[in-house]
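**Q** Structure below; questions to follow.
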Amino acid sequence: MRVRSAARGSTRFAATLAAVAAAIVTQAAPCARRAEPAFRFQNNFWVNLHHLLRGESRRRGLHLPLRVDPTAMTPAERAAWSDALDRYAPYGGRDLVALVSDPGLIPSLGALNNMLTLVADDRHLDAPELPADVRTALTEAAPVYRAHGWANQQAVNAAWIAAVRPLVARYGAALADAIAAAYRSAWSTEPYLVDACAEAGPDGGYTIDGPPGTAAHTTIEAANPEYQGDMALEMLFHEASHTEAMAGRVRAEIARVAADEHVETQPDLWHAVIFYTTGELARRVLGKTNDPTYLPAGDRYHVYDRRWKTARAALGKDWQPYLDGRVDYETALRALVRDASQAP
Ligand SMILES: [Zn+2]
């Protein structure tokens, strides 16, 4: 659910990729275009250990309960684990979605995640660009994690992937089509990396620009109760919608209309739009539109309550009729932008 950082370099990079993809699509036969995001699910040891060390180091510093119990370790394991947490301390308070560091500072957590997601071998840490401290931390913590928690986490990740795959196979194409049509955009033809993970920040999931050759890199906390069952499908597409192809399009369209209408919207109105749109279209594709017990994630988890109450009302009033095919896109978008910019 996290907002991807608006790092200029990565956005430009994504735009370049999109332009290349668009050029390829233009030259290819229409049937060569992929209609839906190609999710590449991963159960990656290093990505899991990286997030766990970052979270555990943070919790230790804040005197919060730890997830890996040091009292269950041998003295040698405890020393290695503690040293790894020390080395991760500079990352404890950093933003998971940031991709670009200031010059001279340590690499961003997103950059580290993108390096580690490419390491398929869970014994040999083959990532030459890793900073020495991070490499040492991961290397010394690896045997400790293998002895204390990884087998269980690996099974949790595998179960989450096994549960979401059939949902994507059954509903993915229809949901992808509906989302792309709603924004009048198209999914990237590059793979969407999805790492099932021990933890993924305060909201249980986030998406960043992925390594070169990918459309995006999503990390999801596999055991998070908000990402199970039907919500796994919805949130998977919510995360995929964080990319330039979808969220970028929504941001640009909101900006266009807001300038036209001389109104100022919340800078993250686009995020409320993708919450609402993905939720509404997932409910429809799942055949739950008339099920009063079914709520999309945004309503189910009170996502709009804090600062999007006006936006939520405008989405229901102005955007829902468009999603239902009763109002045209431009009319709906203009009404949404106008109504969402009103004071609550
Ligand atoms: Zn989000």
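Chain labels run A, B, ... following the order of the structure tokens; each chain numbers its residues from 1, and ligands are numbered from 1 in the order shown.
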What residues in range 37-286 of chain A get the DSSP label helix (DSSP H, G or I)? Please answer as a PyMOL selection string.

**A** chain A and resi 45-61+70-72+75-91+109-116+132-147+150-183+225-227+230-240+244-261+269-285

**Q** Give me, as a ChimeraX atom specification, all polymer residues having an atom no more than 7 Å from Ser241 in chain A, counting only C-alpha atoms and skipping those fewer than 5 positions away in the same chain.

**A** /A:246-247,274

**Q** Using only C-alpha atoms and all ligand atoms, which of A:Trp270, A:Phe39, A:Tyr183, A:Trp150 sits nearest ligand 1?

**A** A:Trp270

**Q** Here is a test: counting only C-alpha atoms and all ligand atoms, which residue of A:Thr277, A:Thr189, A:Asn48, A:Gln154 is nearest to ligand 1?

**A**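 Nearest to ligand 1: A:Thr277.
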
**Q** Counting only C-alpha atoms and all ligand atoms, which of A:Leu175, A:Leu66, A:Ala215, A:Val97 gets nearest to ligand 1?

**A**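 Closest candidate: A:Val97.
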
**Q** With only C-alpha atoms as the atoms that count, which of A:Phe237, A:Trp187, A:Trp46, A:Tyr192 lies nearest to Tyr145 in chain A?

**A** A:Trp46

**Q** Could you please determine the separation between CA of Ala76 in chain A and CA of Val144 in chain A in Å, to one decimal place?

**A** 9.4 Å

**Q** Rounded to one decimal place, report the CA of Ala232 in chain A-CA of Val164 in chain A distance in Å.

**A**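 That distance, rounded to one decimal, is 6.3 Å.
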